[in-house]
Each structure stands twice: as C-alpha cells, then as structure tokens.
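Visitor: The structure under discussion is supplied below as structure tokens; questions concerning it will follow.
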Amino acid sequence: MSGAAISAENLVKWFGEGEARTVAVRDASFAAEYGEILYIVGPSGSGKTTLLSMVSGILKPNGGSVIVEGEDIWGMSEDRIAQIRLNKIGFVFQDYHLFPRLTTAENVAVPLILKKMNWNQALNVALEYLDIVGLKERAQLPPYKLSGGEQQRVAIARAIAGQPDILIFDEPTASLDGDTGRKIIEFVKAKILNEKRCIIIVTHDSRIYEYADTIMKMEDGKIIGFEKNHAYEK
Amino acid sequence: MPGILKIALKLLINDRSKFTALLVGITFAVFLMVMMTSMFSGILTRSSSSVYNIGAKIWVMDPAVNNATSSIPMPDYVLSAARSIKGVRYAVPLYFGTAQVKLKDGSYQAATVVGLDDATLYGRPELLEGNINDIYAENAFIVVKDAEYDKLGKPAVGSEFEINDHRGAVVGLAKVASSGLFGIPTIYTTYSRAITYIPSTRFTTSYILIEPGSESDIPVIQQQIGKLGYQALTRDQFVGKISDFYTFKTGMGMNILLMTTISFVVGLSISGQTFYTFILENLEKFGALKAIGAKSNELIAMILFQASFTSLIGYGLGVGAASTFMILARLRMPDYAAQITFVILGFALLMVLVIASVSSYIGVRKVLQIQPFDIFRG
C-alpha cells in the first residue's frame, strides 16, 4: 500500500476568545504516508500535541480538514469520529493510561471489546499481541506490577490490537530511560511498522530522531520544515 | 453480558476498598429505611389487629372513635335501628374493653376482653384447644395463644383466674391472625358475660358488626347509620382510620418519616460521595476509553451499570440484614412489632434507585465533560 494514510490541510486551532485568544496551530498542512514513521518535533508549547489531537479526531479544529480514506473526519458525526478512532487509529499515550483494575491481557483486549468482539475471543487475540510485544507470560498481571518499559509495550499491544492503519504515539520515551526508550522505538520500527501502517510520534527526545523516516518540525504553532531520513539537524 | 459492561464490572469490583465503601453505604441506608418502615408497618398492623381478627365487613361506631381500643359505647337502639336497615343481613353487638386479670400467683395482668354476640358468636377466633360451645358454660373464657399468652401464666384449658372478683375459667385456647399493639393478652367471652363481669358505662355496645346482603348495600347502610349520628365503616375504611390516627395524630408517623429520610440522606451521601470519588479517580481512564473510540452512550452505560449493580447488591444486603435483625429480635421478643411488606420492599428499591440515579448523574456529568484531548495534555 502506498500514498497518504492521513493528511491535514490548513489546520487552525485557537483557545480562548477576544484578547485571551491564543493561537496554538496555524495553517498546518502535512501528510503521513503508509509505511513511514513521522515525527512531530519542537519545543514545549509549539503546538505538537494540539496538532496530533486534531489529526487523530479528538480535538475539533477551528479551521481546515483532516482526510482519512478520502473523507474529512471533522465533517462526520461525533459517533462516526469515535468509530474512525476505534477502527483506524491506535493511541499510545504518554502516561500509557492502562487500567490498573484489569489484567494486562484485558487491557490489550479493550479496543477489541469496544469493537463488540466476544470477551473470550478478545482475550485470546490480546494474548497474540502480548506475544508480539514479548509479554505473553505477564498476561494475568495487573499493569502496575510491570516496569515502565513493559507498560509501554502493553500500551503498544493495546494500540495495535485493533489493527489500526495509523498509530499515534505521544511522547513515547518521556517516562523511560534512554536505553529503554531506544529499544522501544527500535521494536516499533522493526515489529509494528509495516507497509499498511503509518506511525506518527510526537516527541522532543532527540535521542530517538534517528528512527524517523520523516521529521516535521513545529515552532509557535507553525510547521517550519520537513526532513527525510537521518538528515535532520539535531 | 456485553464486554463493555464486563469491563465496567471489573473496574468496579476490583477496586475493593471503594466497592466495599459503596456497598456499606447503600446497605446501611437500606437497612435503616427498611427497619424504620417495617416497624411502622408492624405498629399499624398491630393497631388494627382486632379489626382483622374479628373480620366483620361493616363496623358501626361513634364518629369520635379513632382507634379500635378507644371505643365509645353506643345505646341499644342503634343496634335495633341497624337491624331494620334494608340490606342488612344481620347485625350483632360487640363488647371491646380492658380488664385486670388476677392470676393464680396473686399478680395482676391487664387483658383485652372481647365479648361476642351470645346468639351467633360472630367474630369468634379459631380454636386450638377446647370446644366453642363451652363458651356458654359458667364463667367461661377463651384465651388467645399469641405472643402475649405467657403473661397470663400460660393457662391451660381448665385453669382459672379472677376478673373483677368473678371467677374465670379457661375453656379453650385460640389463635388469631395478629396480636395487639400494646402487648397485653386477649380473652374472649360472650357479650352478656363481658358486660356483666366488667364495670361499664350506661351504654355497653362498643361496636355493632354488620353483615350486608351484598356489596352494593354497603353505601345505603352507611348512609342510614349516618342519619342516626353514628358511623358505619367497612373493614378497610376502619383500618385506614386507625392508620391515619397513628400516622398523623400521634407523632409516630412524623418520627418514622424523619428517620427514614435521614437514612436515605445518609445512604445518598455516603454512596454519592464514594461513587463520585471513584469516578474522579477513573476519569482519565474514561477519557482514554473515549480517545480509543468508546462512544458517549457506552460510557454512560458503564456508569449506569456500575451504579445499578452496586445499588442492587446493597439493596439485597440491606433487606437481608433487616430481615435477619427482625428474626433475631423475635427470638428475644416474640411480640416485636415489625413486618416487611412488598410495599416496603418496593419503597426501599425506589429509594435505592434514586440513590443510584443521583450517583450516576454526578458520574455521567463528569465523564461526559472529560475530553480525550485532556488525556493528551496530561
């Protein structure tokens, strides 16, 4: 598969009104291709997370569009957008947001259960994905008994369990030490990325820039440039 | 069970401390509400026990009578007039009073004395021992074998006591549907013996019991009795009048209502607060679910399910605790006046559903307000 998995055109977002209005993202346009890892980088407050939220269908922009499979998701109903998120997009949150009262396997099964898959079947599929991230033997443990890196891998297994086309990572290495962070991204690149999937990562951890296919730099709410492969200036 | 509800259930019950606190709050509230209303129900039923036990369809009385034990004697002509009303199949007098019974050991015990019409014995109790015709024997009395029976020294058939310096002989033991409210034993005799043995006022008829020809005759009978300056009430109307008296004119109803309201508020506060804390602690998780793709109605279903599940378990435990308490209380106090009725169970369920609804409302509002974007922002 080739072409854009998701594209944004002229996205604008501001918060507040009148004199208190703050523009977080201005006129942002980009496309993420199947089979690539796109990094969104920039200093704190540059609008990375706001942009990511708009393209992933969880924050409505004030202007512009987000195209998934030829359709602007922001022209859809709230329930339809939720369905797009469930079927097309997988999230790995910065703090993982795993459910401490569920087992690791049940956590991974959550998107499948939301897709109305039978409970036992969902758990079996979850075990397969836990196997992919190397945590099958930890399936019955609650997430708080796992290390930070393991929790990150559980979050990845949950994100890919629904077989989404687009994976969104928000600061995936922020809570991890350098080695673990690098291992996680190496693992993602080797095992999770494929030609039917694109991965968008918001980060300002320069130690992992080398794993990007494209790096998109933001500053003051604007996209100020794109760099391919390892050519990005650290 | 749909998977989303199973997730909700696991999130709830695996948080053991919160779940326990929720259950304790609701169970305690239900226990108190059921206990209060059951005691009141028991009191009301006991207060009308004579009306149920005697079982007449129509009771004629002075309009000033507000409960069965405080009858106002009526002149004899009322009985004659009642018998002459068209639609009255028969009408009989009833004596209803209280007397001091002197027991064999020399002690005194107050007792309710019911004097049945000599000719018909209308309203007689079901006998456990003895023969009903023995009630016509000299000094004959039938003792009701209920929770108060022991207070008369457990008299057997053939035993004797004194009542106003008259000899009384026990010729039978009877059972009735319900014991009285004031914890005193009941003895039955004939109307003529009752008015002879027990000091009475100028008039002697406490109530006139009427059997109507048919249901359609009742309004006419009531109208005709009304013209005499007296009141004819059906059994249900009389029970209603007695209940109104105890509910509104004794302060008992208001006290019970206050206690029930306090129980409800306590339950609502504990469970509402705990559920709110539970939702707050899980708010980010609900936000994450929303981001992953859960629809708002699925999140609402989860919260409603959690609140309903906890409430219904708490309801069951509360009703169970109240029932157990009543059973244990009856072992120590046989005349303990409390009864759980379907109305009480329905009322408690309704109150629990209100608690669940309020708790859910608070939770749903919070969860619908959380935006997945807040999860990204951290």
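Letters A, B, ... go to the chains of the structure tokens in the order shown; residues in each chain start at 1; ligands are counted from 1 in the same order.
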Residues of chain B within 7 Å of chain A, counting only C-alpha atoms - could you list those as a VMD selection string?
Guide: chain B and resid 3 to 4 10 to 11 14 to 15 285 288 291 to 295 372 to 373 376
Visitor: As JSON, numbers by chain, please: all residues of segment 72-302 of chain B that backbone DSSP puts in strand (DSSP E).
Guide: {"B": [88, 89, 90, 91, 92, 93, 94, 95, 96, 97, 98, 99, 100, 101, 102, 108, 109, 110, 111, 112, 113, 114, 115, 116, 126, 127, 128, 129, 130, 140, 141, 142, 143, 144, 160, 161, 162, 163, 166, 167, 168, 169, 170, 171, 172, 173, 174, 175, 186, 187, 188, 189, 190, 207, 208, 209, 210, 211, 212, 231, 232, 233, 234]}
Visitor: Taking the DSSP secondary structure from the backbone, can you list the residues of segment 158-273 of chain B that are helix (DSSP H, G or I), as a ChimeraX atom specification?
Guide: /B:191-197,215-227,235-248,252-273
Visitor: Hey, which of B:Asn139, B:Asn53, B:Asn164, B:Thr112 ends up closest to Thr69 of chain B? Count only C-alpha atoms.
Guide: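 Counting only C-alpha atoms, the residue closest to Thr69 of chain B is B:Thr112.
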Visitor: Neighbours of Val30 of chain B within 7 Å (only C-alpha atoms; same-chain residues fewer than 6 positions away dropped), as a ChimeraX atom specification?
Guide: /B:315,318-319,348
Visitor: For atom CA of Leu353 of chain B and atom CA of Val24 of chain B, determine how far apart the two atoms are, in Å to one decimal place.
Guide: 15.9 Å
Visitor: Identify which of the residues B:Ile313, B:Val113, B:Ile72, B:Ala356 lies closest to Thr20 of chain B, counting only C-alpha atoms when measuring atom-to-atom distances.
Guide: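 Among the listed residues, the smallest separation from Thr20 of chain B belongs to B:Ile313.
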Visitor: What does the distance between atom CA of Ile184 of chain B and atom CA of Gly55 of chain B come to in Å, to one decimal place?
Guide: 20.1 Å
Visitor: Of the residues A:Ile200, A:Ala32, A:Ala190, A:Ile208, which is the one nearest to Lys48 of chain A, using only C-alpha atoms?
Guide: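 The shortest atom-to-atom distance to Lys48 of chain A comes from A:Ile200.
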Visitor: Would you list the contacts of segment 148-160 of chain B as a PyMOL selection string, taking every protein, DNA or RNA residue within 10 Å and counting only C-alpha atoms, but skipping same-chain residues closer than 2 positions in sequence?
Guide: chain B and resi 101-105+107-111+129-130+139-146+162-163+167-173+179-180+182-187+334-335
Visitor: Let me see the file: selected residues, C-alpha atoms, as a compact mmCIF listing (two decimals), in the first residue's frame.
Guide:
```txt
# COMPACT_ATOMS: atom_id res chain seq x y z
CA VAL B 101 -56.98 -10.28 85.42
CA LYS B 102 -55.79 -11.61 88.77
CA LEU B 103 -53.56 -14.61 88.21
CA LYS B 104 -53.06 -17.63 90.44
CA ASP B 105 -49.86 -16.22 91.89
CA SER B 107 -50.33 -10.80 90.37
CA TYR B 108 -52.47 -8.71 88.05
CA GLN B 109 -52.29 -8.55 84.31
CA ALA B 110 -54.25 -6.25 82.05
CA ALA B 111 -56.12 -8.06 79.28
CA GLU B 129 -57.95 -26.43 72.05
CA GLY B 130 -61.46 -26.80 73.54
CA ASN B 139 -67.54 -18.16 83.86
CA ALA B 140 -66.13 -19.39 80.56
CA PHE B 141 -63.36 -17.55 78.73
CA ILE B 142 -61.23 -18.43 75.72
CA VAL B 143 -57.62 -17.27 75.86
CA VAL B 144 -55.76 -16.27 72.73
CA LYS B 145 -52.49 -18.15 72.47
CA ASP B 146 -50.30 -15.46 70.93
CA GLU B 162 -60.16 -13.86 88.64
CA ILE B 163 -61.61 -10.94 86.78
CA ARG B 167 -64.19 -16.46 88.68
CA GLY B 168 -62.95 -17.02 85.18
CA ALA B 169 -62.45 -20.49 83.70
CA VAL B 170 -60.39 -21.18 80.61
CA VAL B 171 -62.46 -23.38 78.27
CA GLY B 172 -60.39 -23.01 75.16
CA LEU B 173 -57.21 -21.71 73.58
CA SER B 179 -51.55 -9.77 68.13
CA GLY B 180 -52.44 -6.38 69.58
CA PHE B 182 -49.95 -2.76 73.39
CA GLY B 183 -48.54 -6.11 74.43
CA ILE B 184 -51.47 -7.33 76.52
CA PRO B 185 -53.19 -10.71 76.25
CA THR B 186 -56.66 -11.13 74.74
CA ILE B 187 -59.53 -13.17 76.17
CA PRO B 334 -42.00 -12.58 70.40
CA ASP B 335 -44.31 -9.56 70.18
```
Visitor: Give me the residues within 10 Å of Arg202 of chain B as a PyMOL selection string, counting only C-alpha atoms and dropping any in the same chain fewer than 5 places off.
Guide: chain B and resi 73-75
Visitor: For the selection just defined, write its residues with N, CA and C atoms to a file, as a tab-separated table (two decimals), in the first residue's frame.
Guide:
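Heads up, here's the output in again_12.tsv:
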```tsv
chain	number	residue	atom	x	y	z
B	73	PRO	N	-69.07	3.59	73.89
B	73	PRO	CA	-70.28	2.75	73.89
B	73	PRO	C	-71.49	3.46	73.29
B	74	MET	N	-72.32	2.65	72.63
B	74	MET	CA	-73.49	3.19	71.93
B	74	MET	C	-74.76	2.64	72.59
B	75	PRO	N	-75.85	3.41	72.54
B	75	PRO	CA	-77.11	2.92	73.11
B	75	PRO	C	-77.68	1.74	72.30
```
Visitor: Just give me the gap between atom CA of Ile132 of chain B and atom CA of Phe203 of chain B in Å, one decimal is fine.
Guide: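 Between these atoms lies a distance of 27.2 Å.
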Visitor: Find the residues around Thr234 of chain B up to 7 Å (only C-alpha atoms counted), leave out those fewer than 3 positions away in its own chain, and share them as a list in words.
Guide: Lys57, Ile58, Trp59, Gln237 and Phe238 of chain B
Visitor: Can you tell me, as a PyMOL selection string, what residues are no more than 12 Å from segment 254-264 of chain B when counting only C-alpha atoms, ignoring any on the same chain fewer than 5 positions away?
Guide: chain B and resi 25-41+43+244-249+269-272+318+344+347-356
